[in-house]
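Structure file coords.txt (compact mmCIF, C-alpha atoms) follows.
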```txt
# COMPACT_ATOMS: atom_id res chain seq x y z
CA MET A 150 0.00 0.00 0.00
CA ASP A 151 1.44 3.39 -0.93
CA ILE A 152 1.66 6.37 1.38
CA PRO A 153 -1.48 8.23 0.12
CA GLU A 154 -3.54 5.07 0.64
CA ARG A 155 -2.12 4.61 4.11
CA LEU A 156 -2.88 8.23 4.93
CA ALA A 157 -6.45 7.72 3.72
CA ARG A 158 -6.82 4.85 6.18
CA HIS A 159 -5.56 6.87 9.12
CA PRO A 160 -8.34 8.66 11.06
CA PHE A 161 -6.36 11.91 11.13
CA CYS A 162 -6.56 12.14 7.33
CA ALA A 163 -9.82 10.30 6.71
CA ASP A 164 -11.83 13.44 5.95
CA MET A 165 -9.17 15.10 3.80
CA THR A 166 -9.47 15.33 0.05
CA PRO A 167 -7.19 13.15 -2.11
CA ALA A 168 -5.38 16.31 -3.23
CA VAL A 169 -4.56 17.29 0.36
CA ARG A 170 -3.48 13.75 1.18
CA GLU A 171 -1.19 13.75 -1.86
CA ARG A 172 0.42 16.90 -0.53
CA LEU A 173 0.88 15.30 2.89
CA ALA A 174 2.26 12.17 1.31
CA ALA A 175 5.08 14.23 -0.15
CA CYS A 176 6.17 14.99 3.43
CA ALA A 177 5.70 11.45 4.78
CA GLN A 178 7.73 8.32 5.19
CA GLU A 179 7.33 5.13 7.17
CA VAL A 180 9.27 4.76 10.39
CA GLN A 181 9.59 1.86 12.81
CA PHE A 182 10.45 2.05 16.48
CA GLU A 183 11.71 -0.71 18.69
CA GLU A 184 10.27 -1.14 22.16
CA ASN A 185 11.43 1.70 24.44
CA ALA A 186 12.68 3.81 21.53
CA TYR A 187 12.00 7.56 21.79
CA LEU A 188 9.79 9.23 19.22
CA LEU A 189 10.06 12.60 20.96
CA ARG A 190 12.31 13.94 23.67
CA GLN A 191 11.20 16.69 25.99
CA ASN A 192 12.60 20.11 24.92
CA ALA A 193 14.20 18.76 21.75
CA PRO A 194 13.35 20.50 18.45
CA ALA A 195 9.95 19.40 17.16
CA LYS A 196 10.69 18.30 13.64
CA THR A 197 8.22 15.48 12.98
CA PHE A 198 4.54 14.73 13.19
CA TYR A 199 3.71 11.05 13.67
CA LEU A 200 0.62 9.13 12.69
CA ILE A 201 0.64 5.76 14.45
CA GLU A 202 -0.31 2.81 12.28
CA ALA A 203 0.53 -0.02 14.66
CA GLY A 204 1.88 -0.38 18.17
CA GLN A 205 1.58 1.81 21.22
CA VAL A 206 3.28 4.98 22.38
CA GLU A 207 3.26 6.52 25.82
CA ILE A 208 3.51 10.22 26.48
CA LYS A 209 5.64 10.84 29.54
CA ILE A 210 6.72 13.80 31.56
CA ALA A 211 10.22 13.77 32.93
CA GLY A 212 10.47 15.28 36.38
CA ALA A 213 11.73 14.41 39.81
CA ALA A 214 8.31 14.42 41.46
CA THR A 215 6.58 12.32 38.84
CA GLY A 216 9.30 9.76 38.23
CA HIS A 217 8.79 9.75 34.45
CA ALA A 218 5.16 8.78 34.81
CA PRO A 219 3.03 8.08 31.75
CA LEU A 220 0.40 10.74 31.09
CA GLU A 221 -1.36 8.99 28.26
CA THR A 222 -0.99 6.05 25.93
CA LEU A 223 -1.62 6.37 22.22
CA SER A 224 -2.39 3.56 19.82
CA ALA A 225 -2.95 2.85 16.13
CA GLY A 226 -5.06 5.54 14.52
CA GLU A 227 -3.81 8.31 16.78
CA ALA A 228 -1.42 11.21 16.20
CA VAL A 229 1.69 12.04 18.20
CA GLY A 230 3.03 15.55 18.67
CA TRP A 231 1.71 18.98 17.81
CA SER A 232 4.55 21.17 19.06
CA TRP A 233 5.93 21.28 15.51
CA PHE A 234 2.91 23.41 14.62
CA LEU A 235 3.45 26.28 17.05
CA PRO A 236 6.58 28.18 18.10
CA PRO A 237 8.97 27.57 19.73
CA HIS A 238 8.74 24.17 17.97
CA ARG A 239 10.07 22.16 20.87
CA TRP A 240 8.56 19.02 22.37
CA HIS A 241 6.88 19.45 25.72
CA PHE A 242 6.96 15.77 26.66
CA ASP A 243 8.70 12.51 25.89
CA ALA A 244 7.03 9.96 23.66
CA ILE A 245 8.29 6.39 23.89
CA ALA A 246 7.29 3.28 21.98
CA ARG A 247 5.95 0.85 24.54
CA VAL A 248 5.95 -1.98 22.01
CA PRO A 249 7.39 -2.19 18.48
CA THR A 250 5.58 0.60 16.69
CA ARG A 251 5.07 1.59 13.08
CA ALA A 252 4.13 5.13 12.08
CA LEU A 253 4.04 7.56 9.23
CA ALA A 254 6.48 10.38 9.99
CA LEU A 255 5.67 13.73 8.41
CA ASP A 256 8.45 16.27 8.19
CA ALA A 257 7.48 19.46 10.03
CA ASP A 258 9.28 21.91 7.70
CA CYS A 259 7.63 20.26 4.72
CA LEU A 260 4.21 20.37 6.40
CA ARG A 261 4.49 24.02 7.40
CA SER A 262 5.57 24.97 3.88
CA ALA A 263 2.63 23.07 2.40
CA MET A 264 0.24 24.75 4.82
CA ASP A 265 1.61 28.20 3.99
CA ALA A 266 1.50 27.58 0.26
CA ASP A 267 -2.01 26.14 0.05
CA SER A 268 -4.76 27.30 2.38
CA ALA A 269 -6.77 24.12 1.71
CA VAL A 270 -3.89 22.06 3.04
CA GLY A 271 -3.44 24.47 5.95
CA TYR A 272 -7.11 24.30 6.87
CA ALA A 273 -7.30 20.52 6.63
CA ILE A 274 -4.29 19.98 8.86
CA THR A 275 -5.33 22.67 11.33
CA ARG A 276 -8.79 21.13 11.59
CA GLY A 277 -7.31 17.70 12.16
CA LEU A 278 -4.94 19.02 14.81
CA LEU A 279 -7.74 20.93 16.51
CA ALA A 280 -9.78 17.73 16.77
CA VAL A 281 -6.79 15.96 18.34
CA LEU A 282 -6.19 18.84 20.73
CA ALA A 283 -9.85 19.03 21.73
CA GLN A 284 -9.93 15.31 22.43
CA ARG A 285 -6.75 15.51 24.51
CA LEU A 286 -8.03 18.55 26.42
CA GLN A 287 -11.33 16.84 27.19
CA ALA A 288 -9.51 13.69 28.27
CA THR A 289 -7.20 15.71 30.50
CA ARG A 290 -10.14 17.45 32.14
CA MET A 291 -11.81 14.12 32.77
CA GLN A 292 -8.62 12.71 34.26
CA LEU A 293 -8.26 15.78 36.50
CA SER A 294 -11.87 15.58 37.64
CA ASP A 295 -11.30 12.14 39.19
CA LEU A 296 -14.32 10.66 37.41
CA TYR A 297 -14.38 7.42 39.32
CA GLY A 298 -14.83 9.04 42.73
CA MET B 203 -58.45 5.43 47.04
CA ASP B 204 -61.90 4.14 47.86
CA SER B 205 -61.62 1.15 50.05
CA LEU B 206 -59.50 -0.91 52.35
CA GLU B 207 -59.19 -3.39 49.48
CA ASP B 208 -57.39 -0.73 47.47
CA LEU B 209 -55.05 -0.15 50.35
CA ASP B 210 -54.40 -3.87 50.58
CA ALA B 211 -53.61 -3.98 46.89
CA MET B 212 -50.96 -1.29 47.36
CA SER B 213 -49.45 -2.73 50.48
CA VAL B 214 -46.13 -4.52 50.48
CA PRO B 215 -45.85 -7.98 52.01
CA ASP B 216 -44.01 -7.87 55.32
CA ASP B 217 -41.49 -10.48 54.26
CA VAL B 218 -40.20 -8.21 51.50
CA LEU B 219 -39.29 -5.59 54.08
CA MET B 220 -37.92 -8.04 56.65
CA PRO B 221 -34.21 -8.78 56.42
CA THR B 222 -33.08 -12.35 56.93
CA PRO B 223 -29.74 -13.27 58.51
CA TRP B 224 -26.81 -14.09 56.24
CA ARG B 225 -23.34 -15.06 57.37
CA ILE B 226 -20.17 -13.63 55.87
CA VAL B 227 -18.32 -16.79 54.83
CA SER B 228 -15.45 -15.00 53.13
CA ARG B 229 -14.11 -11.49 52.92
CA ARG B 230 -11.48 -10.29 50.47
CA ASP B 231 -9.93 -6.85 50.09
CA GLU B 232 -10.14 -5.63 46.52
CA THR B 233 -7.89 -2.63 47.07
CA SER B 234 -4.75 -2.36 49.14
CA ASP B 235 -6.33 0.14 51.54
CA GLY B 236 -9.25 -2.22 52.19
CA ALA B 237 -11.78 0.44 51.21
CA VAL B 238 -13.25 -1.87 48.59
CA PHE B 239 -13.94 -5.41 49.68
CA THR B 240 -15.91 -8.44 48.57
CA TRP B 241 -18.12 -10.64 50.70
CA GLN B 242 -19.45 -14.10 50.03
CA LEU B 243 -22.63 -14.60 52.01
CA GLN B 244 -24.64 -17.66 52.91
CA PRO B 245 -28.15 -17.68 54.37
CA GLU B 246 -28.55 -18.83 57.94
CA ALA B 247 -31.67 -20.64 56.80
CA GLY B 248 -33.34 -21.45 53.52
CA GLU B 249 -32.24 -21.23 49.94
CA VAL B 250 -30.33 -18.54 48.10
CA PRO B 251 -32.87 -16.77 45.93
CA PRO B 252 -32.01 -16.58 42.24
CA PHE B 253 -31.00 -13.21 40.84
CA ARG B 254 -30.44 -11.66 37.44
CA PRO B 255 -27.27 -9.70 36.57
CA GLY B 256 -27.72 -6.05 37.49
CA GLN B 257 -30.04 -6.57 40.45
CA PHE B 258 -29.23 -5.51 44.00
CA ASN B 259 -29.85 -6.58 47.57
CA MET B 260 -30.47 -4.47 50.63
CA LEU B 261 -27.75 -5.26 53.15
CA TYR B 262 -28.31 -4.43 56.78
CA VAL B 263 -25.82 -3.97 59.60
CA PHE B 264 -27.80 -4.55 62.75
CA GLY B 265 -28.21 -1.37 64.71
CA VAL B 266 -26.53 0.78 62.07
CA GLY B 267 -28.54 0.80 58.88
CA GLU B 268 -29.30 -0.63 55.49
CA VAL B 269 -27.83 0.07 52.06
CA PRO B 270 -28.49 -1.13 48.50
CA ILE B 271 -25.58 -3.10 47.09
CA SER B 272 -25.39 -4.64 43.64
CA ILE B 273 -24.79 -8.35 43.37
CA SER B 274 -21.35 -9.01 41.89
CA GLY B 275 -21.35 -12.83 41.78
CA ASP B 276 -22.02 -15.45 39.17
CA PRO B 277 -25.79 -15.78 38.66
CA GLU B 278 -25.42 -19.51 38.03
CA GLU B 279 -23.36 -20.24 41.12
CA SER B 280 -25.59 -21.62 43.82
CA GLY B 281 -25.37 -21.50 47.57
CA ARG B 282 -23.78 -18.09 47.97
CA VAL B 283 -24.27 -14.46 47.13
CA MET B 284 -21.35 -12.16 46.35
CA HIS B 285 -21.29 -8.44 47.07
CA THR B 286 -18.51 -5.94 46.47
CA LEU B 287 -18.69 -2.84 48.63
CA ARG B 288 -16.87 0.42 49.00
CA ALA B 289 -16.66 1.99 52.42
CA VAL B 290 -17.94 5.51 51.84
CA GLY B 291 -20.70 6.14 54.37
CA ARG B 292 -21.77 5.24 57.88
CA VAL B 293 -23.23 1.84 57.01
CA THR B 294 -20.57 0.71 54.56
CA ARG B 295 -17.84 1.81 56.99
CA ALA B 296 -19.48 -0.35 59.62
CA MET B 297 -19.54 -3.18 57.09
CA GLN B 298 -15.83 -2.68 56.50
CA THR B 299 -15.17 -3.63 60.14
CA LEU B 300 -17.11 -6.91 59.95
CA ARG B 301 -15.14 -10.12 59.64
CA GLU B 302 -15.78 -13.61 58.36
CA GLY B 303 -18.32 -15.42 60.49
CA GLU B 304 -20.31 -12.34 61.39
CA VAL B 305 -23.93 -11.99 60.38
CA VAL B 306 -25.70 -9.24 58.45
CA GLY B 307 -29.28 -8.81 57.32
CA MET B 308 -30.31 -9.08 53.72
CA ARG B 309 -33.42 -8.74 51.62
CA GLY B 310 -33.76 -8.98 47.91
CA PRO B 311 -32.96 -9.29 45.11
CA PHE B 312 -34.58 -6.15 43.76
CA GLY B 313 -34.67 -4.02 40.65
CA THR B 314 -34.30 -4.44 36.93
CA ALA B 315 -31.58 -6.48 35.29
CA TRP B 316 -29.20 -5.98 32.40
CA PRO B 317 -31.15 -7.04 29.28
CA LEU B 318 -28.82 -9.83 28.20
CA GLU B 319 -31.26 -11.03 25.60
CA ALA B 320 -31.00 -7.69 23.76
CA ALA B 321 -27.35 -8.51 23.09
CA PHE B 322 -27.76 -12.13 22.01
CA GLY B 323 -25.99 -12.65 18.69
CA ARG B 324 -24.47 -9.19 18.80
CA ASP B 325 -21.35 -7.52 20.10
CA LEU B 326 -21.76 -6.79 23.80
CA VAL B 327 -19.82 -3.79 25.07
CA LEU B 328 -19.43 -3.45 28.84
CA VAL B 329 -18.08 -0.11 30.04
CA ALA B 330 -17.19 -0.02 33.73
CA GLY B 331 -15.84 2.83 35.78
CA GLY B 332 -14.39 2.27 39.24
CA ILE B 333 -16.64 0.14 41.41
CA GLY B 334 -19.11 0.09 38.51
CA LEU B 335 -17.39 -3.10 37.47
CA ALA B 336 -19.13 -4.92 40.34
CA PRO B 337 -22.68 -4.85 38.88
CA LEU B 338 -21.28 -5.84 35.49
CA ARG B 339 -19.28 -8.77 36.83
CA PRO B 340 -22.33 -11.11 36.75
CA VAL B 341 -22.70 -10.29 33.04
CA VAL B 342 -19.11 -11.30 32.43
CA CYS B 343 -19.69 -14.50 34.40
CA TYR B 344 -22.71 -15.22 32.22
CA ALA B 345 -20.71 -14.52 29.07
CA MET B 346 -17.99 -16.87 30.25
CA ARG B 347 -20.52 -19.66 30.68
CA HIS B 348 -22.44 -18.93 27.49
CA ARG B 349 -19.86 -17.81 24.99
CA GLU B 350 -22.17 -18.71 22.10
CA ALA B 351 -24.76 -16.19 23.29
CA PHE B 352 -22.88 -13.15 22.04
CA ARG B 353 -20.82 -12.52 18.94
CA ARG B 354 -18.02 -10.90 20.91
CA VAL B 355 -17.78 -9.34 24.36
CA PHE B 356 -15.75 -6.21 25.04
CA LEU B 357 -15.05 -5.33 28.64
CA LEU B 358 -13.69 -1.78 28.90
CA ILE B 359 -12.61 -0.85 32.40
CA GLY B 360 -11.58 2.56 33.65
CA CYS B 361 -10.17 3.24 37.07
CA ARG B 362 -8.25 5.91 38.88
CA ASP B 363 -4.92 4.11 39.19
CA PRO B 364 -3.54 0.57 39.15
CA ALA B 365 -4.11 0.18 42.91
CA SER B 366 -7.85 0.73 42.48
CA GLU B 367 -8.33 -1.93 39.82
CA LEU B 368 -10.98 -4.38 41.03
CA PHE B 369 -11.15 -8.17 40.57
CA ARG B 370 -7.56 -8.19 39.33
CA ASP B 371 -7.26 -11.98 39.18
CA ASP B 372 -10.58 -12.25 37.37
CA VAL B 373 -9.59 -9.58 34.88
CA ILE B 374 -6.37 -11.44 34.08
CA ALA B 375 -8.29 -14.70 33.64
CA TRP B 376 -10.97 -13.04 31.50
CA SER B 377 -8.38 -11.40 29.27
CA ARG B 378 -7.08 -14.86 28.35
CA ARG B 379 -10.42 -15.92 26.91
CA PRO B 380 -10.48 -15.58 23.12
CA HIS B 381 -14.05 -14.36 22.80
CA LEU B 382 -13.61 -11.72 25.47
CA VAL B 383 -11.67 -8.51 24.77
CA VAL B 384 -10.60 -6.93 28.05
CA GLU B 385 -9.00 -3.49 28.18
CA VAL B 386 -8.09 -1.58 31.33
CA ILE B 387 -7.21 2.09 31.36
CA VAL B 388 -6.14 4.20 34.32
CA ASP B 389 -6.16 7.94 34.88
CA ARG B 390 -2.77 7.83 36.49
CA GLY B 391 -0.36 4.99 35.90
CA GLY B 392 2.84 4.95 37.88
CA PRO B 393 6.20 4.29 36.28
CA ALA B 394 5.60 0.54 36.68
CA TRP B 395 2.21 0.50 34.94
CA ARG B 396 2.33 -1.14 31.51
CA GLY B 397 -1.32 -0.78 30.52
CA HIS B 398 -3.29 2.05 28.94
CA VAL B 399 -3.28 5.54 30.46
CA GLY B 400 -6.17 7.90 29.79
CA VAL B 401 -9.93 7.91 30.16
CA VAL B 402 -12.29 5.03 29.56
CA THR B 403 -13.96 6.86 26.66
CA LYS B 404 -10.78 6.32 24.72
CA LEU B 405 -11.32 2.58 24.89
CA VAL B 406 -14.79 3.14 23.48
CA GLN B 407 -13.41 5.27 20.66
CA ARG B 408 -10.97 2.66 19.49
CA GLY B 409 -12.81 -0.50 20.55
CA GLY B 410 -13.02 -3.17 17.86
CA PHE B 411 -16.78 -3.73 18.18
CA ASP B 412 -19.29 -3.23 15.39
CA PRO B 413 -21.16 -0.06 16.42
CA THR B 414 -24.06 -0.82 14.09
CA ASP B 415 -24.77 -4.10 15.84
CA ALA B 416 -23.53 -3.64 19.38
CA VAL B 417 -25.37 -3.38 22.67
CA ALA B 418 -23.67 -1.48 25.49
CA PHE B 419 -24.07 -1.77 29.25
CA LEU B 420 -22.56 1.08 31.27
CA CYS B 421 -21.97 1.29 34.98
CA GLY B 422 -19.99 3.84 36.92
CA PRO B 423 -20.23 7.39 38.18
CA GLU B 424 -22.78 9.42 36.24
CA ALA B 425 -20.20 11.80 34.79
CA MET B 426 -18.26 8.84 33.43
CA MET B 427 -21.42 7.33 31.94
CA ARG B 428 -22.32 10.64 30.30
CA TYR B 429 -18.96 10.80 28.53
CA ALA B 430 -19.08 7.11 27.66
CA VAL B 431 -22.53 7.57 26.09
CA LEU B 432 -21.14 10.44 24.00
CA ALA B 433 -18.26 8.26 22.85
CA LEU B 434 -20.64 5.41 21.98
CA GLN B 435 -22.90 7.77 20.07
CA LYS B 436 -19.92 9.14 18.19
CA ARG B 437 -19.07 5.58 17.18
CA GLY B 438 -22.63 5.07 15.95
CA VAL B 439 -24.23 3.07 18.77
CA SER B 440 -27.86 4.21 18.98
CA GLU B 441 -29.38 5.29 22.29
CA ASP B 442 -31.84 2.40 22.35
CA ARG B 443 -28.91 -0.03 22.46
CA ILE B 444 -27.25 1.67 25.43
CA HIS B 445 -28.23 0.66 28.95
CA ILE B 446 -27.07 2.33 32.14
CA SER B 447 -27.25 1.49 35.83
CA MET B 448 -28.37 4.38 38.01
CA GLU B 449 -27.92 4.84 41.73
CA ARG B 450 -29.99 6.88 44.14
CA ASN B 451 -30.97 6.72 47.79
CA MET B 452 -32.84 3.41 47.72
CA GLN B 453 -34.49 2.66 51.03
CA CYS B 454 -37.61 0.51 50.80
CA ALA B 455 -36.40 -1.17 47.56
CA VAL B 456 -39.99 -1.95 46.57
CA GLY B 457 -41.09 1.35 45.06
CA THR B 458 -43.18 2.71 47.89
CA CYS B 459 -41.11 5.19 49.90
CA GLY B 460 -40.05 7.40 47.00
CA HIS B 461 -36.56 8.19 48.28
CA CYS B 462 -34.96 7.01 45.06
CA GLN B 463 -37.26 8.89 42.73
CA TRP B 464 -35.48 10.13 39.61
CA GLY B 465 -37.90 12.12 37.53
CA ARG B 466 -40.69 9.76 36.55
CA TYR B 467 -38.78 6.71 37.73
CA ILE B 468 -38.55 5.04 41.11
CA LEU B 469 -35.12 3.58 40.68
CA CYS B 470 -35.39 0.67 43.12
CA ARG B 471 -38.35 -0.61 41.12
CA ASP B 472 -37.95 0.80 37.60
CA GLY B 473 -34.14 0.64 37.75
CA PRO B 474 -31.33 0.47 38.48
CA VAL B 475 -30.85 -0.66 34.86
CA LEU B 476 -32.53 1.65 32.38
CA ARG B 477 -32.41 2.01 28.62
CA PHE B 478 -30.68 5.26 27.79
CA ASP B 479 -33.16 6.55 25.21
CA ARG B 480 -35.81 6.48 27.96
CA VAL B 481 -33.82 8.71 30.29
CA THR B 482 -32.00 11.14 27.99
CA ASP B 483 -34.17 14.02 29.16
CA LEU B 484 -33.35 13.28 32.80
CA PHE B 485 -29.70 12.50 32.50
CA ASP B 486 -28.36 16.02 32.61
CA VAL B 487 -30.93 17.58 34.93
CA ARG B 488 -28.79 18.52 37.88
CA GLU B 489 -31.46 18.89 40.55
CA LEU B 490 -32.82 15.36 40.10
```
Entire entry expressed as structure tokens:
Amino acid sequence: MDIPERLARHPFCADMTPAVRERLAACAQEVQFEENAYLLRQNAPAKTFYLIEAGQVEIKIAGAATGHAPLETLSAGEAVGWSWFLPPHRWHFDAIARVPTRALALDADCLRSAMDADSAVGYAITRGLLAVLAQRLQATRMQLSDLYG
Amino acid sequence: MDSLEDLDAMSVPDDVLMPTPWRIVSRRDETSDGAVFTWQLQPEAGEVPPFRPGQFNMLYVFGVGEVPISISGDPEESGRVMHTLRAVGRVTRAMQTLREGEVVGMRGPFGTAWPLEAAFGRDLVLVAGGIGLAPLRPVVCYAMRHREAFRRVFLLIGCRDPASELFRDDVIAWSRRPHLVVEVIVDRGGPAWRGHVGVVTKLVQRGGFDPTDAVAFLCGPEAMMRYAVLALQKRGVSEDRIHISMERNMQCAVGTCGHCQWGRYILCRDGPVLRFDRVTDLFDVREL
């Protein structure tokens, strides 16, 4: 299966037009991570946007009090990392493959250029990111509210 | 009301309101702090009445009070009744101090049951939050005994942290069964936790069930159920295939005292299990 087809199967891109997906495909390549490999490192430059196809990734915060505790786990069909989208383009958290993981890696410079050059691409990606952010914000609020009493 | 006959027709038989003695034959802590614990109870006399998954009993600590507690045991296991309790109030804290061999009062079972038959031949999705797993455990026991009854069973469990996970040995055993998909997610996993971290709605979002032909049973705090319903709806599960278990201040358990009224429902009689499309207008009314 080629990259545009794989993008079409990923929920992040499912609602995008073929033309937008073609543009994204030009920025994408497959990457594989071994168990415990880092996708992102806290405070490192944010250069890549990942769409998980298989495996599991945990988002962790490194800090003395928390002991590198996992904040969230992400699985196939989810996106990893949005700090590439907004300055200062540095990762806020670590992301580590919990099991062997396969993803599509989209180059951040390439994505930002495509978004600047074509408003349709910019809108589609921004909308997709906003949906991810909204979901994460809602999940965080639920976690903070101690739902289970 | 015209006559004494009418009054008689409305009256409740004494034996329904009279607790009978049951002995605690085993007690097991479900959480390390002992705040959640499971009892196996045997009657001091007579038979164990049959129950349907989702129903509850009224448990009575002599001289302290009575509380409604869902039955968490296997509906096809005879001779005992299993209850899982959390010590949160005066009565349940008193129950926490009781040991094996002591006697409590019980009456029941009461209330509506999970509509298992609505899920026959379909995907059954069980969404449990915290101690909400206890009223769903009998459904899992049923599914274990009757694997042909459902196409697939998905048990999605959310809890605060790994230490508050209930029925841990059962969950491990269930997860080894091929027709049962078991996923556990915690709000806060420590560095040693290797499972999912996040909210239970996430398990609904990515669950492998067929939303067009799935029936969902939800049990947990109301806020959790509200978000889980939203996630199910987003997946395409219609409201008439979602069932929830509601809790209120049940006292008489036979629909006469009105303490557990929730809008047009008396939950001890009309609930605790209700079909969601019948309660959508009540679900977000805060004063009810």
Pick out the residues sitting within 8 Å of Val384 in chain B, and hand them over as number ranges by chain; count only C-alpha atoms, and ignore anything fewer than 3 positions along from it in its own chain.
B: 356-359, 373, 376-377
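The residue that comes closest to chain A, out of B:Cys462, B:Ala430, B:Val386, B:Ile333 and on the basis of all atoms listed in the file, is B:Ile333.
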Give me, as a ChimeraX atom specification, the residues of chain A touching chain B, with the criterion being at most 9 Å (counting all atoms listed in the file).
/A:207,215-226,247,288-289,291-293,295-298
Create the file for the chosen residues now, containing C-alpha atoms and written as a CSV table (one decimal), keeping the file's coordinate frame.
```
chain,number,residue,atom,x,y,z
A,207,GLU,CA,3.3,6.5,25.8
A,215,THR,CA,6.6,12.3,38.8
A,216,GLY,CA,9.3,9.8,38.2
A,217,HIS,CA,8.8,9.8,34.4
A,218,ALA,CA,5.2,8.8,34.8
A,219,PRO,CA,3.0,8.1,31.8
A,220,LEU,CA,0.4,10.7,31.1
A,221,GLU,CA,-1.4,9.0,28.3
A,222,THR,CA,-1.0,6.0,25.9
A,223,LEU,CA,-1.6,6.4,22.2
A,224,SER,CA,-2.4,3.6,19.8
A,225,ALA,CA,-3.0,2.8,16.1
A,226,GLY,CA,-5.1,5.5,14.5
A,247,ARG,CA,6.0,0.8,24.5
A,288,ALA,CA,-9.5,13.7,28.3
A,289,THR,CA,-7.2,15.7,30.5
A,291,MET,CA,-11.8,14.1,32.8
A,292,GLN,CA,-8.6,12.7,34.3
A,293,LEU,CA,-8.3,15.8,36.5
A,295,ASP,CA,-11.3,12.1,39.2
A,296,LEU,CA,-14.3,10.7,37.4
A,297,TYR,CA,-14.4,7.4,39.3
A,298,GLY,CA,-14.8,9.0,42.7
```
Can you list, as a ChimeraX atom specification, every protein, DNA or RNA residue that comes within 6 Å of range 284-295 of chain B when you count all atoms listed in the file, leaving out same-chain residues fewer than 3 positions away?
/B:237-242,267,273-275,298
Pairwise distance, CA of Tyr344 in chain B with CA of Asp412 in chain B, equals 20.9 Å
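Taking all atoms listed in the file, the non-local environment of Glu441 in chain B within 12 Å (same-chain residues fewer than 2 positions away omitted) comprises Pro413, Thr414, Ala416, Val417, Ala418, Phe419, Arg428, Ala430, Val431, Leu432, Ala433, Leu434, Gln435, Lys436, Arg437, Gly438, Val439, Arg443, Ile444, His445, Ile446, Leu476, Arg477, Phe478, Asp479, Arg480, Val481 and Thr482 of chain B.
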Show me, as an NGL selection string, the residues that have an atom within 10 Å of range 203-206 of chain A when counting all atoms listed in the file, minus same-chain residues fewer than 6 positions from it.
(:A and (181-188 or 219 or 221-229 or 243-253)) or (:B and (398))
List the neighbours of Gly271 in chain A out to 12 Å using only C-alpha atoms; skip same-chain residues closer than 5 positions along the sequence, and give me the result as a ChimeraX atom specification.
/A:165,169-170,172-173,234,259-266,276-279
Would you mind completing range 153-165 of chain A so that it carries N, CA and C atoms, and writing it out as a compact mmCIF listing (two decimals), in the coordinates of the input?
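Okay, part14.txt is ready:
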```
# COMPACT_ATOMS: atom_id res chain seq x y z
N PRO A 153 -0.16 7.58 0.13
CA PRO A 153 -1.48 8.23 0.12
C PRO A 153 -2.60 7.29 0.58
N GLU A 154 -2.51 6.03 0.20
CA GLU A 154 -3.54 5.07 0.64
C GLU A 154 -3.48 4.88 2.15
N ARG A 155 -2.27 4.80 2.66
CA ARG A 155 -2.12 4.61 4.11
C ARG A 155 -2.61 5.85 4.86
N LEU A 156 -2.35 7.01 4.31
CA LEU A 156 -2.88 8.23 4.93
C LEU A 156 -4.41 8.21 4.93
N ALA A 157 -4.99 7.75 3.82
CA ALA A 157 -6.45 7.72 3.72
C ALA A 157 -7.05 6.80 4.78
N ARG A 158 -6.31 5.78 5.18
CA ARG A 158 -6.82 4.85 6.18
C ARG A 158 -6.64 5.35 7.60
N HIS A 159 -5.81 6.37 7.76
CA HIS A 159 -5.56 6.87 9.12
C HIS A 159 -6.65 7.88 9.50
N PRO A 160 -7.25 7.75 10.68
CA PRO A 160 -8.34 8.66 11.06
C PRO A 160 -7.99 10.14 10.96
N PHE A 161 -6.71 10.49 11.20
CA PHE A 161 -6.36 11.91 11.13
C PHE A 161 -6.62 12.48 9.74
N CYS A 162 -6.45 11.66 8.72
CA CYS A 162 -6.56 12.14 7.33
C CYS A 162 -7.83 11.69 6.65
N ALA A 163 -8.68 10.95 7.36
CA ALA A 163 -9.82 10.30 6.71
C ALA A 163 -10.74 11.28 6.00
N ASP A 164 -10.90 12.47 6.55
CA ASP A 164 -11.83 13.44 5.95
C ASP A 164 -11.15 14.37 4.94
N MET A 165 -9.88 14.21 4.72
CA MET A 165 -9.17 15.10 3.80
C MET A 165 -9.43 14.69 2.35
```
